[in-house]
>>> print(open('upload-v6.txt').read())   # compact mmCIF, C-alpha atoms
# COMPACT_ATOMS: atom_id res chain seq x y z
CA MET A 10 90.05 51.46 42.58
CA LYS A 11 88.32 48.87 40.43
CA LEU A 12 84.72 48.83 39.33
CA VAL A 13 82.18 48.13 36.62
CA THR A 14 79.32 50.49 35.77
CA SER A 15 77.00 51.21 32.86
CA GLN A 16 77.94 53.50 29.99
CA ILE A 17 74.72 55.46 30.12
CA GLU A 18 74.90 56.21 33.85
CA LEU A 19 78.54 57.26 33.68
CA HIS A 20 77.91 59.34 30.56
CA ASN A 21 75.01 61.17 32.25
CA ALA A 22 77.06 61.77 35.40
CA LEU A 23 79.97 63.23 33.43
CA ARG A 24 77.60 65.51 31.50
CA LEU A 25 75.95 66.67 34.74
CA VAL A 26 79.19 67.75 36.42
CA ALA A 27 80.65 69.26 33.23
CA ARG A 28 79.45 72.77 34.07
CA ALA A 29 81.59 72.72 37.22
CA VAL A 30 84.77 71.44 35.55
CA GLY A 31 87.47 74.10 35.21
CA ASN A 32 89.54 74.98 32.16
CA GLY A 33 92.77 74.10 33.97
CA ARG A 34 94.50 77.38 33.16
CA THR A 35 94.95 78.50 36.77
CA HIS A 36 94.71 75.13 38.50
CA ALA A 37 95.38 72.30 36.07
CA ILE A 38 93.75 69.67 38.24
CA THR A 39 90.35 71.40 38.09
CA ALA A 40 90.10 70.28 34.45
CA GLY A 41 89.78 66.80 35.87
CA VAL A 42 86.88 64.99 37.45
CA LEU A 43 87.16 63.37 40.87
CA LEU A 44 86.05 59.73 40.93
CA HIS A 45 85.44 57.97 44.25
CA ALA A 46 84.38 54.33 44.39
CA ALA A 47 83.06 52.68 47.56
CA ASP A 48 80.21 50.47 48.73
CA GLY A 49 78.48 49.99 45.40
CA ILE A 50 78.59 53.69 44.50
CA LEU A 51 80.74 55.72 42.12
CA THR A 52 80.74 59.40 43.09
CA VAL A 53 81.63 61.90 40.35
CA THR A 54 82.67 65.47 41.23
CA GLY A 55 83.58 68.56 39.24
CA TYR A 56 84.84 71.72 40.96
CA ASP A 57 86.33 74.85 39.38
CA MET A 58 86.94 76.68 42.69
CA GLU A 59 83.62 78.54 42.41
CA LEU A 60 81.02 75.92 41.49
CA GLY A 61 81.04 72.30 42.59
CA ILE A 62 78.69 69.52 41.46
CA THR A 63 78.69 66.00 42.87
CA THR A 64 76.51 63.13 41.71
CA ALA A 65 76.50 59.39 42.36
CA ILE A 66 75.74 56.33 40.24
CA SER A 67 75.52 52.64 41.02
CA ALA A 68 78.58 50.48 40.35
CA SER A 69 79.92 47.04 41.10
CA VAL A 70 82.94 48.05 43.18
CA GLU A 71 85.66 45.43 43.56
CA ALA A 72 88.25 47.77 45.09
CA HIS A 73 87.64 51.11 46.78
CA GLY A 74 89.61 54.12 45.68
CA THR A 75 89.71 57.75 44.57
CA THR A 76 91.41 59.41 41.62
CA VAL A 77 91.25 62.39 39.25
CA VAL A 78 90.79 61.79 35.50
CA PRO A 79 90.86 64.39 32.69
CA HIS A 80 87.16 65.16 32.32
CA ARG A 81 86.98 66.02 28.65
CA LEU A 82 88.91 62.97 27.49
CA LEU A 83 87.00 60.57 29.72
CA SER A 84 83.67 62.12 28.78
CA ASP A 85 84.44 61.99 25.05
CA ILE A 86 85.41 58.32 25.20
CA ILE A 87 82.44 57.27 27.32
CA GLY A 88 80.08 59.30 25.14
CA ARG A 89 81.15 57.41 22.04
CA LEU A 90 80.60 53.95 23.51
CA ASP A 91 77.38 52.07 22.94
CA ALA A 92 74.73 52.90 25.55
CA SER A 93 74.16 49.22 26.30
CA GLU A 94 77.80 48.54 27.21
CA ALA A 95 79.26 47.95 30.63
CA VAL A 96 82.42 49.91 31.40
CA SER A 97 85.26 48.69 33.59
CA LEU A 98 87.52 51.21 35.34
CA ALA A 99 90.66 50.15 37.20
CA ILE A 100 93.55 52.17 38.64
CA SER A 101 97.13 50.92 38.55
CA GLY A 102 99.71 53.47 39.68
CA ASN A 103 99.09 56.68 37.75
CA ARG A 104 97.06 55.03 34.97
CA LEU A 105 93.37 54.33 34.54
CA ALA A 106 92.49 51.26 32.50
CA LEU A 107 89.12 51.74 30.79
CA VAL A 108 87.74 48.60 29.20
CA SER A 109 84.50 48.07 27.30
CA LEU A 110 83.21 45.36 25.01
CA SER A 111 84.52 47.24 21.99
CA GLY A 112 87.90 48.46 23.16
CA SER A 113 90.36 49.46 25.87
CA TYR A 114 92.07 52.72 26.85
CA SER A 115 94.79 53.78 29.24
CA LEU A 116 94.49 57.28 30.66
CA SER A 117 96.78 59.34 32.85
CA VAL A 118 95.36 60.17 36.28
CA ALA A 119 96.28 62.56 39.09
CA SER A 120 96.28 62.14 42.84
CA ALA A 121 92.99 62.86 44.58
CA ASP A 122 95.02 64.57 47.32
CA ASP A 123 95.71 67.42 44.89
CA PHE A 124 92.04 67.99 44.04
CA PRO A 125 90.66 71.06 45.85
CA ALA A 126 88.31 70.34 48.72
CA LEU A 127 84.77 71.58 48.25
CA PRO A 128 83.52 74.03 50.90
CA VAL A 129 81.58 72.33 53.66
CA VAL A 130 78.10 73.79 54.10
CA ASP A 131 76.14 72.91 57.23
CA ALA A 132 72.88 71.52 55.88
CA ALA A 133 71.27 71.15 59.30
CA ASN A 134 69.04 74.19 58.74
CA GLY A 135 68.45 73.62 55.05
CA ILE A 136 65.28 74.95 53.44
CA ALA A 137 63.20 72.55 51.34
CA ILE A 138 61.90 74.44 48.31
CA ASP A 139 60.80 73.81 44.73
CA LEU A 140 62.45 76.43 42.51
CA VAL A 141 62.14 74.65 39.17
CA GLY A 142 59.27 76.69 37.70
CA PRO A 143 60.22 80.07 39.21
CA LEU A 144 63.84 79.79 38.08
CA ALA A 145 62.80 78.96 34.52
CA ALA A 146 60.55 82.04 34.60
CA VAL A 147 63.23 84.53 35.63
CA MET A 148 66.50 83.13 34.29
CA PRO A 149 66.27 84.72 30.81
CA ALA A 150 66.30 88.20 32.42
CA ALA A 151 69.64 87.71 34.20
CA SER A 152 72.56 89.71 32.81
CA THR A 153 75.32 88.17 30.70
CA ASP A 154 77.53 91.27 31.09
CA VAL A 155 80.66 90.31 33.04
CA SER A 156 80.99 93.90 34.27
CA LYS A 157 77.66 93.52 36.12
CA GLN A 158 78.62 90.61 38.34
CA LEU A 159 75.74 90.96 40.80
CA LEU A 160 73.20 91.07 37.97
CA GLN A 161 74.69 87.86 36.57
CA GLY A 162 73.00 86.20 39.50
CA ILE A 163 69.45 85.48 40.54
CA HIS A 164 68.08 87.00 43.72
CA LEU A 165 66.41 84.51 46.05
CA ALA A 166 64.29 86.61 48.37
CA THR A 167 61.54 85.84 50.85
CA GLY A 168 58.56 84.70 48.81
CA ARG A 169 60.07 85.32 45.37
CA VAL A 170 62.95 85.01 42.93
CA GLU A 171 63.96 87.82 40.59
CA ALA A 172 66.48 88.70 37.90
CA THR A 173 67.34 91.76 35.82
CA ASP A 174 69.92 92.83 33.26
CA GLY A 175 69.05 96.52 33.49
CA HIS A 176 66.82 96.44 30.40
CA ARG A 177 64.25 93.95 31.62
CA LEU A 178 63.38 92.13 34.79
CA ALA A 179 61.42 89.08 35.82
CA ILE A 180 59.83 88.36 39.18
CA CYS A 181 58.17 85.09 40.17
CA ALA A 182 56.64 84.07 43.49
CA ILE A 183 57.85 80.92 45.26
CA ASP A 184 55.83 78.66 47.48
CA SER A 185 57.85 79.22 50.63
CA ASP A 186 57.77 81.68 53.50
CA ALA A 187 61.38 80.98 54.49
CA GLU A 188 63.50 84.08 55.07
CA LEU A 189 65.83 84.39 52.08
CA ASP A 190 68.11 87.13 50.80
CA LEU A 191 70.96 85.86 48.67
CA VAL A 192 72.19 86.14 45.10
CA LEU A 193 73.44 83.02 43.35
CA PRO A 194 75.20 82.76 39.99
CA VAL A 195 73.00 81.67 37.11
CA ARG A 196 75.42 78.86 36.24
CA CYS A 197 74.78 77.36 39.66
CA LEU A 198 71.00 77.53 39.45
CA GLN A 199 70.87 76.21 35.87
CA GLN A 200 71.36 72.77 37.40
CA VAL A 201 68.31 73.05 39.67
CA ARG A 202 65.67 71.14 37.73
CA GLN A 203 64.22 69.25 40.70
CA PRO A 204 62.89 70.16 44.14
CA ALA A 205 65.83 70.96 46.39
CA THR A 206 67.07 71.66 49.88
CA ILE A 207 69.15 74.83 50.19
CA ALA A 208 71.56 75.62 53.02
CA ILE A 209 73.58 78.83 53.41
CA ASP A 210 76.78 79.11 55.42
CA LYS A 211 79.48 81.81 55.41
CA GLY A 212 79.12 83.01 51.84
CA GLN A 213 78.60 79.53 50.45
CA VAL A 214 75.42 77.71 49.51
CA GLY A 215 74.83 73.97 49.41
CA ILE A 216 71.98 72.65 47.29
CA VAL A 217 70.84 69.04 47.42
CA LEU A 218 68.49 67.97 44.64
CA ALA A 219 65.79 65.35 44.97
CA ASP A 220 67.97 62.74 43.22
CA GLY A 221 70.86 63.34 45.63
CA THR A 222 72.97 65.53 43.36
CA GLN A 223 74.86 68.11 45.42
CA ILE A 224 75.72 71.61 44.18
CA THR A 225 78.09 73.95 46.01
CA SER A 226 78.54 77.58 45.06
CA ARG A 227 79.66 80.87 46.46
CA THR A 228 77.08 83.59 46.85
CA LEU A 229 77.53 86.89 45.03
CA ASP A 230 78.50 89.85 47.20
CA GLY A 231 76.44 93.02 47.26
CA THR A 232 72.92 94.27 47.81
CA TYR A 233 70.55 93.35 45.01
CA PRO A 234 68.63 96.38 43.66
CA ASN A 235 65.02 96.85 44.72
CA VAL A 236 63.58 95.89 41.35
CA ARG A 237 59.98 95.58 42.57
CA GLN A 238 59.73 99.36 42.80
CA LEU A 239 60.14 99.51 39.02
CA VAL A 240 56.84 97.70 38.41
CA PRO A 241 54.02 100.24 38.02
CA THR A 242 51.00 99.71 40.23
CA GLU A 243 48.56 101.16 37.69
CA PHE A 244 48.39 101.26 33.91
CA ALA A 245 46.64 103.53 31.44
CA HIS A 246 46.78 100.92 28.67
CA ALA A 247 46.50 97.13 28.52
CA LEU A 248 45.71 94.52 25.93
CA THR A 249 45.23 90.78 26.00
CA VAL A 250 46.38 88.50 23.20
CA ASP A 251 46.90 84.80 22.48
CA ARG A 252 50.39 83.97 23.74
CA LEU A 253 51.44 81.54 21.00
CA GLN A 254 50.06 83.71 18.22
CA LEU A 255 52.03 86.66 19.54
CA LEU A 256 55.17 84.56 20.04
CA HIS A 257 55.10 83.16 16.50
CA ALA A 258 54.37 86.57 14.98
CA LEU A 259 57.33 88.08 16.83
CA GLU A 260 59.62 85.23 15.77
CA ARG A 261 58.76 85.91 12.13
CA VAL A 262 59.19 89.68 12.35
CA ALA A 263 62.46 89.15 14.24
CA LEU A 264 63.98 87.87 10.99
CA ILE A 265 63.73 91.42 9.68
CA ALA A 266 64.42 93.22 12.96
CA VAL A 267 67.71 91.41 13.57
CA ASN A 268 69.34 93.68 10.99
CA HIS A 269 68.17 96.82 12.79
CA ASN A 270 69.14 96.39 16.45
CA SER A 271 66.35 93.80 16.87
CA ILE A 272 63.78 96.57 17.38
CA VAL A 273 60.10 96.02 16.54
CA LYS A 274 57.29 98.54 16.81
CA LEU A 275 53.92 97.79 18.37
CA SER A 276 50.79 99.82 17.77
CA THR A 277 47.06 99.25 18.21
CA ALA A 278 44.01 100.39 16.31
CA SER A 279 40.47 98.98 15.98
CA LYS A 280 41.24 95.96 18.21
CA ILE A 281 44.24 95.02 16.06
CA LEU A 282 47.82 94.78 17.32
CA GLU A 283 50.28 95.71 14.58
CA ILE A 284 53.87 94.47 14.82
CA THR A 285 56.31 95.97 12.33
CA ALA A 286 60.03 96.03 11.62
CA GLU A 287 62.19 97.71 9.00
CA ALA A 288 65.83 97.12 8.13
CA ASP A 289 67.71 98.31 5.07
CA ALA A 290 65.42 97.64 2.10
CA ASN A 291 63.37 95.03 3.94
CA SER A 292 60.27 95.26 6.10
CA GLY A 293 57.83 92.98 7.83
CA ALA A 294 54.43 93.33 9.47
CA GLU A 295 52.10 91.08 11.45
CA SER A 296 48.56 91.75 12.68
CA LEU A 297 46.82 90.09 15.62
CA VAL A 298 43.27 90.43 16.89
CA THR A 299 43.30 91.63 20.49
CA THR A 300 41.36 93.47 23.14
CA GLY A 301 42.55 96.73 24.63
CA THR A 302 45.14 99.32 23.61
CA LEU A 303 48.82 100.15 23.91
CA PRO A 304 50.74 103.35 23.28
CA ASP A 305 53.03 103.17 20.25
CA LEU A 306 56.05 101.19 21.48
CA ALA A 307 59.50 100.25 20.21
CA ILE A 308 60.90 97.16 21.93
CA ASN A 309 63.73 94.68 21.61
CA VAL A 310 61.97 91.72 19.99
CA HIS A 311 64.18 89.12 21.66
CA TYR A 312 63.28 90.42 25.11
CA LEU A 313 59.62 89.93 24.26
CA ILE A 314 60.21 86.47 22.83
CA ASP A 315 62.22 85.37 25.88
CA GLY A 316 59.44 86.48 28.21
CA LEU A 317 56.67 84.79 26.24
CA LYS A 318 58.57 81.50 26.16
CA THR A 319 58.66 81.34 29.95
CA MET A 320 54.89 81.64 30.27
CA GLY A 321 52.55 78.67 30.04
CA ALA A 322 49.25 80.54 29.93
CA LYS A 323 47.07 80.51 26.81
CA SER A 324 46.90 84.31 26.74
CA VAL A 325 49.01 87.15 28.08
CA THR A 326 48.40 90.78 28.95
CA LEU A 327 50.73 93.62 27.95
CA SER A 328 50.36 96.74 30.06
CA ALA A 329 51.94 100.19 29.70
CA ASN A 330 51.45 103.86 30.52
CA THR A 331 53.50 105.76 27.92
CA ALA A 332 55.84 105.01 25.04
CA THR A 333 58.88 105.41 27.29
CA ALA A 334 57.57 103.85 30.52
CA PRO A 335 58.05 100.19 31.53
CA VAL A 336 55.94 97.58 29.75
CA THR A 337 54.83 94.52 31.72
CA LEU A 338 53.97 91.12 30.37
CA THR A 339 51.86 88.87 32.60
CA PRO A 340 50.35 85.43 31.94
CA ASP A 341 46.59 85.53 32.37
CA GLY A 342 45.42 83.70 35.47
CA ILE A 343 48.95 83.57 36.95
CA SER A 344 49.45 86.60 39.16
CA SER A 345 52.73 85.27 40.56
CA HIS A 346 54.77 86.01 37.42
CA THR A 347 55.70 89.47 36.09
CA TYR A 348 58.07 90.23 33.22
CA LEU A 349 59.00 93.88 32.60
CA ILE A 350 60.76 95.43 29.60
CA MET A 351 61.99 98.98 29.10
CA PRO A 352 60.93 100.32 25.69
CA VAL A 353 63.47 101.82 23.31
CA GLN A 354 63.31 105.47 22.35
CA VAL A 355 63.52 105.83 18.59
CA ARG A 356 63.38 108.78 16.26
CA SER A 357 60.15 109.29 14.40
>>> encode(input="upload-v6.txt", output="structure tokens")
Amino acid sequence: MKLVTSQIELHNALRLVARAVGNGRTHAITAGVLLHAADGILTVTGYDMELGITTAISASVEAHGTTVVPHRLLSDIIGRLDASEAVSLAISGNRLALVSLSGSYSLSVASADDFPALPVVDAANGIAIDLVGPLAAVMPAASTDVSKQLLQGIHLATGRVEATDGHRLAICAIDSDAELDLVLPVRCLQQVRQPATIAIDKGQVGIVLADGTQITSRTLDGTYPNVRQLVPTEFAHALTVDRLQLLHALERVALIAVNHNSIVKLSTASKILEITAEADANSGAESLVTTGTLPDLAINVHYLIDGLKTMGAKSVTLSANTATAPVTLTPDGISSHTYLIMPVQVRS
């Protein structure tokens, strides 16, 4: 293998596949990145046995070839080169010669034959779908608890995507009537920032992004809970408030609340929303003009902040029935997005 490519393209490709590079503890070779050069293209692949990402960049290829290079070392070197530099890569035996205008390096490589093969997903019946906005809307609600593996994923269902961690949930409609019912790990879908084609085959999913990047992942086993039944159909209380004003007020009060389980209290009176927090000898309060009412609520402030950040509307509506019933947050004028939070029960 012998080629010349640009620093910036190679740097971006190595950053893109980084999420799929393994730690090497179980399979040492998965800590490497697979490089394949042919026909004016350098293909870069990371695969940790669960998630695979492949992307391609242009290159002047003098000799075809494939090899595996330690990802972190290669990425660190390339990342510290000047963005305007050309980079030459050449394989001789079990060494990679990396040459730039400013210096040269010799790195150990491994045989491509030892790199695990990515699952082959039949893309013939792939579904073209734009998930960028919906995924951004629901991703903050996915669980980070390793004991709740299924909830660490996002449910792609017919007409919607949804996520929950057991304390909050987010549901967002998608512009597709394709029949879907699968749960994919968040770390797979974090890479989907472009329209994509999705194909499912025998517990594996293949995603091809608009720029040609390919993502391969296993699906998560199990039946996703019916979270839509948790969303009340009617509310006794609702109020509308400027989204950014509420977000900034919560971010300020959160500085106090962080020392008391991140709990803030919401109450309404005379068209004013009061947001308060107390911790140790400190307290904070914010007041916002609003319309409507809410029962007195105690809520995790970070859950509220996360939900508000995913909404692009100028104003949002908070709806609730009682102090212990689910609270929904919806962007005004966007009926396709619902964010629900369970209040916290606190002593008076």
>>> closest_residue(input="upload-v6.txt", among="A:Ser115, A:Gln238, A:Asn270, A:Ser120", to="Thr39 (chain A)", atoms="only C-alpha atoms")
A:Ser120
>>> residues_around(input="upload-v6.txt", residues="Val192 (chain A)", least_positions_apart="6", cutoff="8 Å", atoms="all atoms listed in the file", output="ChimeraX atom specification")
/A:159,162-165,228-230,233
>>> atom_distance(input="upload-v6.txt", atom1="CA of Leu60 (chain A)", atom2="CA of Ala46 (chain A)")
22.0 Å
>>> closest_atom_pairs(input="upload-v6.txt", of="region 15-42 of chain A", to="region 49-55 of chain A", cutoff="9 Å", atoms="only C-alpha atoms", output="JSON lines")
{"residue": "A:Leu19", "atom": "CA", "partner": "A:Val53", "partner_atom": "CA", "distance": 8.7}
{"residue": "A:Ala22", "atom": "CA", "partner": "A:Val53", "partner_atom": "CA", "distance": 6.7}
{"residue": "A:Leu23", "atom": "CA", "partner": "A:Val53", "partner_atom": "CA", "distance": 7.2}
{"residue": "A:Val26", "atom": "CA", "partner": "A:Gly55", "partner_atom": "CA", "distance": 5.3}
{"residue": "A:Ala27", "atom": "CA", "partner": "A:Gly55", "partner_atom": "CA", "distance": 6.7}
{"residue": "A:Arg28", "atom": "CA", "partner": "A:Gly55", "partner_atom": "CA", "distance": 7.8}
{"residue": "A:Ala29", "atom": "CA", "partner": "A:Gly55", "partner_atom": "CA", "distance": 5.0}
{"residue": "A:Val30", "atom": "CA", "partner": "A:Gly55", "partner_atom": "CA", "distance": 4.8}
{"residue": "A:Gly31", "atom": "CA", "partner": "A:Gly55", "partner_atom": "CA", "distance": 7.9}
{"residue": "A:Thr39", "atom": "CA", "partner": "A:Gly55", "partner_atom": "CA", "distance": 7.4}
{"residue": "A:Ala40", "atom": "CA", "partner": "A:Gly55", "partner_atom": "CA", "distance": 8.3}
{"residue": "A:Gly41", "atom": "CA", "partner": "A:Gly55", "partner_atom": "CA", "distance": 7.3}
{"residue": "A:Val42", "atom": "CA", "partner": "A:Gly55", "partner_atom": "CA", "distance": 5.2}
>>> closest_residue(input="upload-v6.txt", among="A:Val262, A:Ile284, A:Ala65, A:Val250", to="Leu327 (chain A)", atoms="all atoms listed in the file")
A:Val250
>>> closest_residue(input="upload-v6.txt", among="A:Asp91, A:Thr222, A:Pro125, A:Ser185", to="Gly112 (chain A)", atoms="all atoms listed in the file")
A:Asp91
>>> atom_distance(input="upload-v6.txt", atom1="CA of Ser345 (chain A)", atom2="CA of Ile207 (chain A)")
21.7 Å
>>> residues_around(input="upload-v6.txt", residues="Asp131 (chain A)", least_positions_apart="4", cutoff="9 Å", atoms="all atoms listed in the file", output="list in words")
Gly135, Ala208, Ile209, Asp210 and Gly215 of chain A
>>> residues_around(input="upload-v6.txt", residues="Ala247 (chain A)", least_positions_apart="5", cutoff="12 Å", atoms="all atoms listed in the file", output="list of chain:residue names")
A:Ser276, A:Thr277, A:Lys280, A:Leu282, A:Thr299, A:Thr300, A:Gly301, A:Thr302, A:Leu303, A:Pro304, A:Val325, A:Thr326, A:Leu327, A:Ser328, A:Ala329, A:Asn330, A:Thr331, A:Val336, A:Thr337, A:Leu338, A:Thr339
>>> residues_around(input="upload-v6.txt", residues="Ala307 (chain A)", least_positions_apart="2", cutoff="9 Å", atoms="all atoms listed in the file", output="short mmCIF file (atom, residue, chain, number, x, y, z; two decimals) with C-alpha atoms, in the coordinates of the input")
data_model
loop_
_atom_site.label_atom_id
_atom_site.label_comp_id
_atom_site.auth_asym_id
_atom_site.auth_seq_id
_atom_site.Cartn_x
_atom_site.Cartn_y
_atom_site.Cartn_z
CA ILE A 272 63.78 96.57 17.38
CA VAL A 273 60.10 96.02 16.54
CA LYS A 274 57.29 98.54 16.81
CA LEU A 275 53.92 97.79 18.37
CA ASP A 305 53.03 103.17 20.25
CA ASN A 309 63.73 94.68 21.61
CA VAL A 310 61.97 91.72 19.99
CA ALA A 332 55.84 105.01 25.04
CA THR A 333 58.88 105.41 27.29
CA PRO A 352 60.93 100.32 25.69
CA VAL A 353 63.47 101.82 23.31
CA GLN A 354 63.31 105.47 22.35
CA VAL A 355 63.52 105.83 18.59
#
>>> closest_residue(input="upload-v6.txt", among="A:Ser93, A:Thr232, A:Ser344, A:Thr242", to="Leu160 (chain A)", atoms="all atoms listed in the file")
A:Thr232
>>> residues_around(input="upload-v6.txt", residues="Ile350 (chain A)", least_positions_apart="3", cutoff="8 Å", atoms="all atoms listed in the file", output="list in words")
His176, Arg177, Leu178, Ile308, Tyr312, Leu313, Pro335, Val336 and Thr337 of chain A
>>> write_last_selection(input="upload-v6.txt", atoms="C-alpha atoms", output="compact mmCIF listing (two decimals), in the frame of the given file")
# COMPACT_ATOMS: atom_id res chain seq x y z
CA HIS A 176 66.82 96.44 30.40
CA ARG A 177 64.25 93.95 31.62
CA LEU A 178 63.38 92.13 34.79
CA ILE A 308 60.90 97.16 21.93
CA TYR A 312 63.28 90.42 25.11
CA LEU A 313 59.62 89.93 24.26
CA PRO A 335 58.05 100.19 31.53
CA VAL A 336 55.94 97.58 29.75
CA THR A 337 54.83 94.52 31.72
>>> residues_near_point(input="upload-v6.txt", point="(94.7, 56.5, 38.1)", cutoff="10 Å", atoms="all atoms listed in the file", output="mmCIF file with C-alpha atoms, in the frame of the given file")
data_model
loop_
_atom_site.group_PDB
_atom_site.id
_atom_site.type_symbol
_atom_site.label_atom_id
_atom_site.label_comp_id
_atom_site.auth_asym_id
_atom_site.auth_seq_id
_atom_site.Cartn_x
_atom_site.Cartn_y
_atom_site.Cartn_z
ATOM 1 C CA MET A 10 90.050 51.460 42.580
ATOM 2 C CA LEU A 44 86.050 59.730 40.930
ATOM 3 C CA GLY A 74 89.610 54.120 45.680
ATOM 4 C CA THR A 75 89.710 57.750 44.570
ATOM 5 C CA THR A 76 91.410 59.410 41.620
ATOM 6 C CA VAL A 77 91.250 62.390 39.250
ATOM 7 C CA VAL A 78 90.790 61.790 35.500
ATOM 8 C CA LEU A 98 87.520 51.210 35.340
ATOM 9 C CA ALA A 99 90.660 50.150 37.200
ATOM 10 C CA ILE A 100 93.550 52.170 38.640
ATOM 11 C CA SER A 101 97.130 50.920 38.550
ATOM 12 C CA GLY A 102 99.710 53.470 39.680
ATOM 13 C CA ASN A 103 99.090 56.680 37.750
ATOM 14 C CA ARG A 104 97.060 55.030 34.970
ATOM 15 C CA LEU A 105 93.370 54.330 34.540
ATOM 16 C CA ALA A 106 92.490 51.260 32.500
ATOM 17 C CA SER A 115 94.790 53.780 29.240
ATOM 18 C CA LEU A 116 94.490 57.280 30.660
ATOM 19 C CA SER A 117 96.780 59.340 32.850
ATOM 20 C CA VAL A 118 95.360 60.170 36.280
ATOM 21 C CA ALA A 119 96.280 62.560 39.090
ATOM 22 C CA SER A 120 96.280 62.140 42.840
ATOM 23 C CA ALA A 121 92.990 62.860 44.580
#
>>> atom_distance(input="upload-v6.txt", atom1="CA of Ser84 (chain A)", atom2="CA of Lys11 (chain A)")
18.2 Å
>>> closest_residue(input="upload-v6.txt", among="A:Gly293, A:Gly212, A:Pro234, A:Pro194", to="Thr173 (chain A)", atoms="all atoms listed in the file")
A:Pro234
>>> closest_residue(input="upload-v6.txt", among="A:His257, A:His269, A:Lys323, A:His45", to="Ala68 (chain A)", atoms="all atoms listed in the file")
A:His45
>>> axis_aligned_box(input="upload-v6.txt", around="region 202-210 of chain A", padding_each_side="6 Å", output="JSON")
{"center_x": 69.8, "center_y": 74.2, "center_z": 46.6, "size_x": 25.9, "size_y": 21.9, "size_z": 29.7}
